[in-house]
Amino acid sequence: MAKMWAGRFKKETDRLVNEFNASVSVDSRLYREDIEGSMAHAAMLARQGIISEEDGEAIQAGLKSILKDMEEGKITLSPELYEDIHMANEQLLTERIGDAGKRLHTARSRNDQVALDMRLYVRKEIGEIISLVLQFMEVLCDQAADHLETVMPGYTHLQRAQPITFAHHLMAYANMFKRDVRRLEDCLEGMDEMPLGCGALAGTTYPIDREFVAKELGFSAVTDNSLDGVSDRDYCMELCSCLSILMVHLSRLSEEVVLWCSWEFKFAELDDAFSTGSSIMPQKKNPDVCELIRGKTGRVFGDLQTLLVMMKGLPLAYNKDMQEDKEAVFDAIDTVKICLKVFAPMFATMTVIPENMRAAAKKGFLNATDCADYLTKKGVPFRDAYKASGTLVAICIEKGETLDTLPLEVYRQVCPVFEEDVYRAVDLNACVRERKSLGGPAPEEVARQLEKIRGFLKEKEGKVFS
Ligand code: ARG
């Protein structure tokens with residue numbers, strides 16, 4: 001079939017080049033945005049008298065009918081017929097309404113068209129991702145509310161360090177996801193500029209009204225430089241950066257769930273519906289969902305890398321390299337969405353085993369700092385107190401005791417300041433209860449953190465992000 005740009009060419013495009021060049025198999029998912037953008041453009045052309053009222057109306061009706069057929073799956077966008085979604089919609093329109101269809105592309109280029117379509121698409125998807133993150137934060141809050149008093153070991157270097165609660169641990173993640181939401185909102189705000197009207201690169205001689213188009217499509221501004229408007233993919237890189245960081249958080253939590261579900265920890269057990277078995281080992285119950293999320297995290301980083309490398313050497317303005325942006329952006333969006341969708345119910349149905357958390361917290365001398373603090377509060381300089389507590393730990397290890405069971409005489413041999421009340425100070429519950437410094441694990445303090453996150457969620461409730 002003759003190309004839309006056939007005028008200047010004497011030969012048909014090589015079949016391989018056609019295949020190589022075509023992007024419709026990837027960008028067909030922009031069909032809605034492409035039609036929406038074209039409708040706003042045509043409305044503006046008619047309003048400005050650049051095309052006639054009748055042509056304008058024919059275009060609107062034609063595009064509407066294409067959209068309907070697309071939604072109903074009546075149109076197959078094969079790469080043999082169409083180069084990309086923009087060409088496809090224009091060809092289909094011309095088939096349906098004749099010459100008026102050929103007027104749609106007046107004062108427009110595919111360069112500003114694709115820039116617009118991508119922004120419309122990314123904007124919508126960011127909104128959906130934010131909603132998914134917020135839903136997951138609800139899950140975290142609900143789990144946390146049930147475990148304000150569930151003592152567990154807190155770790156550094158994956159070594160038992162100090163006692164915390166499961167709620168405290170979960171609220172750490174809630175804060176990470178809260179920042180993810182803020183980053184995504186910021187990305188959304190930064191990309192709120194409408195590029196149509198930049199033309200191929202140098203604007204147009206037609207008396208277009210870009211502000212009108214921006215308003216029609218719900219943008220609060222237009223891009224301010226036509227070269228920048230067609231070649232800016234910052235928002236794609238920004239989005240993939242936000243998504244990469246979000247995936248880091250999901251991946252870390254996934255890794256923790258993997259650990260918690262191991263027999264070595266057994267702090268939690270996944271619901272059968274969210275675990276998988278082994279083809280050979282009958283006893284196995286595997287946290288595949290978590291492992292896949294951990295694995296797919298690398299994929300999203302890869303998408304970001306694809307964009308960064310793709311853009312870094314491009315001279316202004318549009319270059320065909322940029323067609324590759326879609327696969328990366330779509331993949332990052334799809335991956336993050338499916339990860340959030342499956343992780344939330346998996347986490348919500350996970351059974352926590354508080355006894356095992358507590359048992360683990362009882363071992364490993366998590367109260368050694370509290371033992372030192374006990375002396376410090378009685379006037380012993382912290383460094384001396386630290387040493388005394390360390391000596392007691394060494395004695396405990398040797399004797400197979402814990403700080404809770406070690407006789408008072410032994411305490412007093414190490415430091416005569418110790419008295420009977422040391423047992424209250426090193427009691428696990430007290431160690432958590434007394435850590436009520438702002439941000440700490442004391443149940444009342446974590447309840448405050450939880451309320452703050454819930455307040456944030458309330459503020460976002462019912463809000464449409466896009
Ligand atoms: N399919 C192209 C893309 O996604 C559309 C823009 C084509 N522009 C051009 N000058 N060939 O980048």
# chains A, B, ... in the order shown; residues from 1 in each chain; ligands from 1
>>> closest_atom_pairs(of="chain A", to="ligand 1", cutoff="7 Å", atoms="only C-alpha atoms and all ligand atoms", output="tab-separated table")
residue	atom	partner	partner_atom_place_in_ligand_line	distance
A:Ser23	CA	ligand 1	1 (N)	5.7
A:Asp84	CA	ligand 1	1 (N)	5.2
A:Arg110	CA	ligand 1	6 (C)	4.7
A:Asn111	CA	ligand 1	6 (C)	4.8
A:Val114	CA	ligand 1	5 (C)	5.5
A:Tyr318	CA	ligand 1	10 (N)	6.8
A:Lys320	CA	ligand 1	12 (O)	5.7
A:Met322	CA	ligand 1	12 (O)	5.3
A:Gln323	CA	ligand 1	12 (O)	3.6
>>> write_last_selection(atoms="N, CA, C and O atoms", output="PDB file, in the first residue's frame")
ATOM      1  N   SER A  23       5.628   0.626  14.614  1.00  0.00           N
ATOM      2  CA  SER A  23       5.535   0.573  16.074  1.00  0.00           C
ATOM      3  C   SER A  23       4.109   0.285  16.519  1.00  0.00           C
ATOM      4  O   SER A  23       3.811   0.298  17.709  1.00  0.00           O
ATOM      5  N   ASP A  84       2.039   3.197  12.570  1.00  0.00           N
ATOM      6  CA  ASP A  84       1.848   3.416  14.005  1.00  0.00           C
ATOM      7  C   ASP A  84       0.400   3.827  14.254  1.00  0.00           C
ATOM      8  O   ASP A  84      -0.399   3.953  13.313  1.00  0.00           O
ATOM      9  N   ARG A 110       3.397  14.271  13.542  1.00  0.00           N
ATOM     10  CA  ARG A 110       3.346  13.127  14.443  1.00  0.00           C
ATOM     11  C   ARG A 110       4.243  13.349  15.660  1.00  0.00           C
ATOM     12  O   ARG A 110       4.076  12.712  16.687  1.00  0.00           O
ATOM     13  N   ASN A 111       5.203  14.263  15.502  1.00  0.00           N
ATOM     14  CA  ASN A 111       6.107  14.494  16.630  1.00  0.00           C
ATOM     15  C   ASN A 111       5.409  15.137  17.824  1.00  0.00           C
ATOM     16  O   ASN A 111       5.602  14.724  18.964  1.00  0.00           O
ATOM     17  N   VAL A 114       2.583  12.455  19.023  1.00  0.00           N
ATOM     18  CA  VAL A 114       2.996  11.356  19.897  1.00  0.00           C
ATOM     19  C   VAL A 114       3.391  11.895  21.276  1.00  0.00           C
ATOM     20  O   VAL A 114       3.139  11.254  22.302  1.00  0.00           O
ATOM     21  N   TYR A 318      13.205  15.912  17.512  1.00  0.00           N
ATOM     22  CA  TYR A 318      12.769  14.511  17.501  1.00  0.00           C
ATOM     23  C   TYR A 318      13.773  13.627  16.775  1.00  0.00           C
ATOM     24  O   TYR A 318      14.353  14.023  15.758  1.00  0.00           O
ATOM     25  N   LYS A 320      14.126   9.259  15.772  1.00  0.00           N
ATOM     26  CA  LYS A 320      13.308   8.037  15.804  1.00  0.00           C
ATOM     27  C   LYS A 320      13.659   7.118  16.973  1.00  0.00           C
ATOM     28  O   LYS A 320      12.849   6.290  17.386  1.00  0.00           O
ATOM     29  N   MET A 322      13.466   7.747  19.764  1.00  0.00           N
ATOM     30  CA  MET A 322      12.488   8.017  20.812  1.00  0.00           C
ATOM     31  C   MET A 322      11.249   7.136  20.718  1.00  0.00           C
ATOM     32  O   MET A 322      10.488   7.036  21.679  1.00  0.00           O
ATOM     33  N   GLN A 323      11.070   6.509  19.573  1.00  0.00           N
ATOM     34  CA  GLN A 323       9.960   5.567  19.452  1.00  0.00           C
ATOM     35  C   GLN A 323      10.099   4.422  20.470  1.00  0.00           C
ATOM     36  O   GLN A 323       9.116   3.822  20.871  1.00  0.00           O
TER      37      GLN A 323
END
>>> residues_around(residues="A:Cys396", least_positions_apart="2", cutoff="12 Å", atoms="only C-alpha atoms", output="ChimeraX atom specification")
/A:363-365,368,389-394,398-407,410-411
>>> residues_around(residues="A:Lys312", least_positions_apart="5", cutoff="12 Å", atoms="only C-alpha atoms", output="MDAnalysis selection string")
chainID A and resid 231:234 237 305:307 319 321:322
>>> atom_distance(atom1="atom CA of A:Phe267", atom2="atom CA of A:His147")
12.6 Å
>>> closest_atom_pairs(of="stretch 399-434 of chain A", to="stretch 158-168 of chain A", cutoff="10 Å", atoms="only C-alpha atoms", output="CSV")
residue,atom,partner,partner_atom,distance
A:Leu428,CA,A:Pro163,CA,7.2
A:Asn429,CA,A:Pro163,CA,8.8
A:Ala430,CA,A:Pro163,CA,9.9
A:Cys431,CA,A:Pro163,CA,6.9
A:Val432,CA,A:Ile164,CA,6.1
A:Arg433,CA,A:Ile164,CA,9.4
>>> atom_distance(atom1="atom CA of A:Ala328", atom2="atom CA of A:Leu246")
16.3 Å
>>> residues_around(residues="A:Pro287", least_positions_apart="5", cutoff="10 Å", atoms="only C-alpha atoms", output="ChimeraX atom specification")
/A:254-255,257-259,261-262,269-272,274-277,292,346
>>> write_last_selection(atoms="C-alpha atoms", output="short mmCIF file (atom, residue, chain, number, x, y, z; two decimals), in the first residue's frame")
data_model
loop_
_atom_site.label_atom_id
_atom_site.label_comp_id
_atom_site.auth_asym_id
_atom_site.auth_seq_id
_atom_site.Cartn_x
_atom_site.Cartn_y
_atom_site.Cartn_z
CA SER A 254 9.20 -8.95 49.50
CA GLU A 255 12.61 -10.07 50.68
CA VAL A 257 8.36 -11.76 53.64
CA VAL A 258 10.57 -14.46 52.10
CA LEU A 259 12.67 -14.45 55.26
CA CYS A 261 8.11 -17.36 55.85
CA SER A 262 11.25 -19.48 56.06
CA GLU A 269 2.80 -17.72 56.84
CA LEU A 270 1.31 -16.86 53.49
CA ASP A 271 -2.20 -17.87 52.60
CA ASP A 272 -2.35 -20.97 50.40
CA PHE A 274 -0.82 -16.73 47.50
CA SER A 275 1.86 -19.41 47.68
CA THR A 276 3.00 -22.11 45.33
CA GLY A 277 4.20 -25.67 45.65
CA LEU A 292 8.89 -12.49 41.37
CA MET A 346 -1.06 -11.43 49.56
#
>>> residues_around(residues="A:Leu408", least_positions_apart="4", cutoff="9 Å", atoms="only C-alpha atoms", output="PDB file with all heavy atoms, in the first residue's frame")
ATOM      1  N   ARG A 412      26.005  -7.999  89.987  1.00  0.00           N
ATOM      2  CA  ARG A 412      26.681  -7.110  90.941  1.00  0.00           C
ATOM      3  C   ARG A 412      28.201  -7.303  90.948  1.00  0.00           C
ATOM      4  O   ARG A 412      28.938  -6.382  91.275  1.00  0.00           O
ATOM      5  CB  ARG A 412      26.078  -7.257  92.333  1.00  0.00           C
ATOM      6  CG  ARG A 412      24.639  -6.735  92.354  1.00  0.00           C
ATOM      7  CD  ARG A 412      23.956  -6.957  93.676  1.00  0.00           C
ATOM      8  NE  ARG A 412      24.572  -6.180  94.742  1.00  0.00           N
ATOM      9  CZ  ARG A 412      24.237  -4.938  95.058  1.00  0.00           C
ATOM     10  NH1 ARG A 412      23.257  -4.338  94.408  1.00  0.00           N
ATOM     11  NH2 ARG A 412      24.844  -4.307  96.041  1.00  0.00           N
ATOM     12  N   GLN A 413      28.611  -8.540  90.564  1.00  0.00           N
ATOM     13  CA  GLN A 413      30.058  -8.759  90.443  1.00  0.00           C
ATOM     14  C   GLN A 413      30.626  -7.887  89.327  1.00  0.00           C
ATOM     15  O   GLN A 413      31.737  -7.387  89.417  1.00  0.00           O
ATOM     16  CB  GLN A 413      30.357 -10.234  90.127  1.00  0.00           C
ATOM     17  CG  GLN A 413      30.419 -11.129  91.354  1.00  0.00           C
ATOM     18  CD  GLN A 413      30.137 -12.588  91.011  1.00  0.00           C
ATOM     19  OE1 GLN A 413      30.305 -13.002  89.866  1.00  0.00           O
ATOM     20  NE2 GLN A 413      29.695 -13.334  92.022  1.00  0.00           N
ATOM     21  N   PHE A 418      24.042  -2.388  90.005  1.00  0.00           N
ATOM     22  CA  PHE A 418      22.850  -3.185  89.672  1.00  0.00           C
ATOM     23  C   PHE A 418      22.060  -3.522  90.926  1.00  0.00           C
ATOM     24  O   PHE A 418      22.633  -3.880  91.958  1.00  0.00           O
ATOM     25  CB  PHE A 418      23.261  -4.494  88.975  1.00  0.00           C
ATOM     26  CG  PHE A 418      23.589  -4.317  87.521  1.00  0.00           C
ATOM     27  CD1 PHE A 418      24.881  -4.564  87.050  1.00  0.00           C
ATOM     28  CD2 PHE A 418      22.610  -3.914  86.609  1.00  0.00           C
ATOM     29  CE1 PHE A 418      25.187  -4.409  85.706  1.00  0.00           C
ATOM     30  CE2 PHE A 418      22.916  -3.767  85.258  1.00  0.00           C
ATOM     31  CZ  PHE A 418      24.207  -4.019  84.812  1.00  0.00           C
ATOM     32  N   GLU A 419      20.730  -3.410  90.805  1.00  0.00           N
ATOM     33  CA  GLU A 419      19.846  -3.813  91.898  1.00  0.00           C
ATOM     34  C   GLU A 419      18.722  -4.666  91.321  1.00  0.00           C
ATOM     35  O   GLU A 419      18.630  -4.840  90.099  1.00  0.00           O
ATOM     36  CB  GLU A 419      19.276  -2.569  92.588  1.00  0.00           C
ATOM     37  CG  GLU A 419      20.307  -1.879  93.472  1.00  0.00           C
ATOM     38  CD  GLU A 419      19.811  -0.537  93.996  1.00  0.00           C
ATOM     39  OE1 GLU A 419      18.945  -0.561  94.882  1.00  0.00           O
ATOM     40  OE2 GLU A 419      20.268   0.493  93.471  1.00  0.00           O
ATOM     41  N   GLU A 420      17.859  -5.132  92.201  1.00  0.00           N
ATOM     42  CA  GLU A 420      16.761  -6.032  91.802  1.00  0.00           C
ATOM     43  C   GLU A 420      15.941  -5.489  90.610  1.00  0.00           C
ATOM     44  O   GLU A 420      15.476  -6.249  89.755  1.00  0.00           O
ATOM     45  CB  GLU A 420      15.852  -6.222  93.037  1.00  0.00           C
ATOM     46  CG  GLU A 420      14.834  -7.347  92.908  1.00  0.00           C
ATOM     47  CD  GLU A 420      15.430  -8.737  92.707  1.00  0.00           C
ATOM     48  OE1 GLU A 420      16.455  -9.058  93.333  1.00  0.00           O
ATOM     49  OE2 GLU A 420      14.866  -9.497  91.882  1.00  0.00           O
ATOM     50  N   VAL A 422      16.738  -4.229  87.987  1.00  0.00           N
ATOM     51  CA  VAL A 422      17.307  -4.397  86.643  1.00  0.00           C
ATOM     52  C   VAL A 422      16.436  -5.337  85.813  1.00  0.00           C
ATOM     53  O   VAL A 422      16.298  -5.177  84.588  1.00  0.00           O
ATOM     54  CB  VAL A 422      18.777  -4.902  86.699  1.00  0.00           C
ATOM     55  CG1 VAL A 422      18.869  -6.331  87.247  1.00  0.00           C
ATOM     56  CG2 VAL A 422      19.396  -4.877  85.299  1.00  0.00           C
ATOM     57  N   TYR A 423      15.801  -6.318  86.478  1.00  0.00           N
ATOM     58  CA  TYR A 423      14.976  -7.284  85.736  1.00  0.00           C
ATOM     59  C   TYR A 423      13.785  -6.608  85.068  1.00  0.00           C
ATOM     60  O   TYR A 423      13.332  -7.023  84.021  1.00  0.00           O
ATOM     61  CB  TYR A 423      14.517  -8.435  86.646  1.00  0.00           C
ATOM     62  CG  TYR A 423      15.704  -9.244  87.134  1.00  0.00           C
ATOM     63  CD1 TYR A 423      16.147  -9.142  88.447  1.00  0.00           C
ATOM     64  CD2 TYR A 423      16.409 -10.071  86.258  1.00  0.00           C
ATOM     65  CE1 TYR A 423      17.256  -9.847  88.883  1.00  0.00           C
ATOM     66  CE2 TYR A 423      17.521 -10.779  86.688  1.00  0.00           C
ATOM     67  CZ  TYR A 423      17.940 -10.666  87.999  1.00  0.00           C
ATOM     68  OH  TYR A 423      19.039 -11.349  88.409  1.00  0.00           O
TER      69      TYR A 423
END
>>> residues_around(residues="A:Met194", least_positions_apart="3", cutoff="10 Å", atoms="only C-alpha atoms", output="PDB file with N, CA, C and O atoms, in the first residue's frame")
ATOM      1  N   ASP A 112       4.597  16.152  17.544  1.00  0.00           N
ATOM      2  CA  ASP A 112       3.863  16.726  18.683  1.00  0.00           C
ATOM      3  C   ASP A 112       2.671  15.847  19.053  1.00  0.00           C
ATOM      4  O   ASP A 112       2.251  15.797  20.207  1.00  0.00           O
ATOM      5  N   ALA A 115       3.965  13.091  21.272  1.00  0.00           N
ATOM      6  CA  ALA A 115       4.332  13.697  22.562  1.00  0.00           C
ATOM      7  C   ALA A 115       3.079  13.911  23.416  1.00  0.00           C
ATOM      8  O   ALA A 115       3.075  13.657  24.623  1.00  0.00           O
ATOM      9  N   LEU A 116       2.004  14.330  22.748  1.00  0.00           N
ATOM     10  CA  LEU A 116       0.747  14.541  23.466  1.00  0.00           C
ATOM     11  C   LEU A 116       0.162  13.207  23.941  1.00  0.00           C
ATOM     12  O   LEU A 116      -0.226  13.056  25.102  1.00  0.00           O
ATOM     13  N   ASP A 117       0.087  12.241  23.033  1.00  0.00           N
ATOM     14  CA  ASP A 117      -0.524  10.954  23.375  1.00  0.00           C
ATOM     15  C   ASP A 117       0.153  10.328  24.594  1.00  0.00           C
ATOM     16  O   ASP A 117      -0.503   9.818  25.501  1.00  0.00           O
ATOM     17  N   ARG A 119       1.847  11.791  26.938  1.00  0.00           N
ATOM     18  CA  ARG A 119       1.560  12.524  28.175  1.00  0.00           C
ATOM     19  C   ARG A 119       0.168  12.178  28.700  1.00  0.00           C
ATOM     20  O   ARG A 119      -0.025  11.986  29.907  1.00  0.00           O
ATOM     21  N   LEU A 120      -0.783  12.094  27.780  1.00  0.00           N
ATOM     22  CA  LEU A 120      -2.143  11.749  28.211  1.00  0.00           C
ATOM     23  C   LEU A 120      -2.153  10.359  28.854  1.00  0.00           C
ATOM     24  O   LEU A 120      -2.781  10.138  29.893  1.00  0.00           O
ATOM     25  N   MET A 191       4.694  17.325  34.687  1.00  0.00           N
ATOM     26  CA  MET A 191       4.443  17.038  33.271  1.00  0.00           C
ATOM     27  C   MET A 191       3.144  17.645  32.759  1.00  0.00           C
ATOM     28  O   MET A 191       2.727  17.384  31.640  1.00  0.00           O
ATOM     29  N   GLY A 197       0.969  21.529  18.953  1.00  0.00           N
ATOM     30  CA  GLY A 197       1.187  22.882  18.459  1.00  0.00           C
ATOM     31  C   GLY A 197       2.674  23.170  18.298  1.00  0.00           C
ATOM     32  O   GLY A 197       3.061  24.184  17.725  1.00  0.00           O
ATOM     33  N   CYS A 198       3.511  22.264  18.789  1.00  0.00           N
ATOM     34  CA  CYS A 198       4.952  22.404  18.562  1.00  0.00           C
ATOM     35  C   CYS A 198       5.280  22.018  17.126  1.00  0.00           C
ATOM     36  O   CYS A 198       6.366  22.313  16.629  1.00  0.00           O
ATOM     37  N   ARG A 210      -3.262  27.092  21.085  1.00  0.00           N
ATOM     38  CA  ARG A 210      -2.754  25.985  21.914  1.00  0.00           C
ATOM     39  C   ARG A 210      -3.426  25.948  23.284  1.00  0.00           C
ATOM     40  O   ARG A 210      -3.655  24.881  23.840  1.00  0.00           O
ATOM     41  N   GLU A 211      -3.710  27.142  23.812  1.00  0.00           N
ATOM     42  CA  GLU A 211      -4.341  27.184  25.140  1.00  0.00           C
ATOM     43  C   GLU A 211      -5.704  26.490  25.128  1.00  0.00           C
ATOM     44  O   GLU A 211      -6.061  25.790  26.071  1.00  0.00           O
ATOM     45  N   VAL A 213      -6.625  23.998  23.200  1.00  0.00           N
ATOM     46  CA  VAL A 213      -6.400  22.539  23.181  1.00  0.00           C
ATOM     47  C   VAL A 213      -6.001  22.060  24.584  1.00  0.00           C
ATOM     48  O   VAL A 213      -6.485  21.023  25.070  1.00  0.00           O
ATOM     49  N   ALA A 214      -5.125  22.827  25.223  1.00  0.00           N
ATOM     50  CA  ALA A 214      -4.681  22.450  26.571  1.00  0.00           C
ATOM     51  C   ALA A 214      -5.878  22.342  27.510  1.00  0.00           C
ATOM     52  O   ALA A 214      -6.011  21.383  28.273  1.00  0.00           O
ATOM     53  N   LYS A 215      -6.764  23.320  27.425  1.00  0.00           N
ATOM     54  CA  LYS A 215      -7.931  23.352  28.295  1.00  0.00           C
ATOM     55  C   LYS A 215      -8.861  22.164  28.013  1.00  0.00           C
ATOM     56  O   LYS A 215      -9.326  21.479  28.924  1.00  0.00           O
ATOM     57  N   LEU A 217      -8.107  19.361  26.955  1.00  0.00           N
ATOM     58  CA  LEU A 217      -7.522  18.091  27.387  1.00  0.00           C
ATOM     59  C   LEU A 217      -7.132  18.082  28.866  1.00  0.00           C
ATOM     60  O   LEU A 217      -6.517  17.133  29.344  1.00  0.00           O
ATOM     61  N   GLY A 218      -7.484  19.142  29.566  1.00  0.00           N
ATOM     62  CA  GLY A 218      -7.249  19.179  31.008  1.00  0.00           C
ATOM     63  C   GLY A 218      -5.811  19.431  31.427  1.00  0.00           C
ATOM     64  O   GLY A 218      -5.389  18.988  32.500  1.00  0.00           O
ATOM     65  N   PHE A 219      -5.050  20.123  30.597  1.00  0.00           N
ATOM     66  CA  PHE A 219      -3.692  20.520  31.021  1.00  0.00           C
ATOM     67  C   PHE A 219      -3.755  21.942  31.564  1.00  0.00           C
ATOM     68  O   PHE A 219      -4.519  22.762  31.057  1.00  0.00           O
ATOM     69  N   SER A 220      -2.900  22.259  32.532  1.00  0.00           N
ATOM     70  CA  SER A 220      -2.982  23.628  33.035  1.00  0.00           C
ATOM     71  C   SER A 220      -2.037  24.586  32.306  1.00  0.00           C
ATOM     72  O   SER A 220      -2.076  25.786  32.548  1.00  0.00           O
ATOM     73  N   ALA A 221      -1.177  24.073  31.427  1.00  0.00           N
ATOM     74  CA  ALA A 221      -0.291  24.963  30.673  1.00  0.00           C
ATOM     75  C   ALA A 221       0.086  24.319  29.339  1.00  0.00           C
ATOM     76  O   ALA A 221      -0.226  23.154  29.106  1.00  0.00           O
ATOM     77  N   VAL A 222       0.756  25.083  28.492  1.00  0.00           N
ATOM     78  CA  VAL A 222       1.303  24.512  27.257  1.00  0.00           C
ATOM     79  C   VAL A 222       2.828  24.508  27.368  1.00  0.00           C
ATOM     80  O   VAL A 222       3.396  25.310  28.108  1.00  0.00           O
ATOM     81  N   THR A 223       3.482  23.615  26.631  1.00  0.00           N
ATOM     82  CA  THR A 223       4.951  23.624  26.639  1.00  0.00           C
ATOM     83  C   THR A 223       5.402  24.933  26.000  1.00  0.00           C
ATOM     84  O   THR A 223       4.789  25.419  25.050  1.00  0.00           O
ATOM     85  N   ASP A 224       6.492  25.481  26.498  1.00  0.00           N
ATOM     86  CA  ASP A 224       6.823  26.855  26.149  1.00  0.00           C
ATOM     87  C   ASP A 224       7.827  26.996  25.011  1.00  0.00           C
ATOM     88  O   ASP A 224       8.102  28.110  24.569  1.00  0.00           O
ATOM     89  N   GLY A 229       9.247  20.873  23.376  1.00  0.00           N
ATOM     90  CA  GLY A 229       7.946  20.193  23.454  1.00  0.00           C
ATOM     91  C   GLY A 229       7.926  18.851  22.729  1.00  0.00           C
ATOM     92  O   GLY A 229       7.313  17.899  23.196  1.00  0.00           O
TER      93      GLY A 229
END
>>> closest_residue(among="A:Cys187, A:Met171, A:Met247, A:Val181", to="A:Thr335", atoms="only C-alpha atoms")
A:Met247
>>> residues_around(residues="A:Leu148", least_positions_apart="3", cutoff="10 Å", atoms="only C-alpha atoms", output="MDAnalysis selection string")
chainID A and resid 143:145 151 164:169 441:447 450
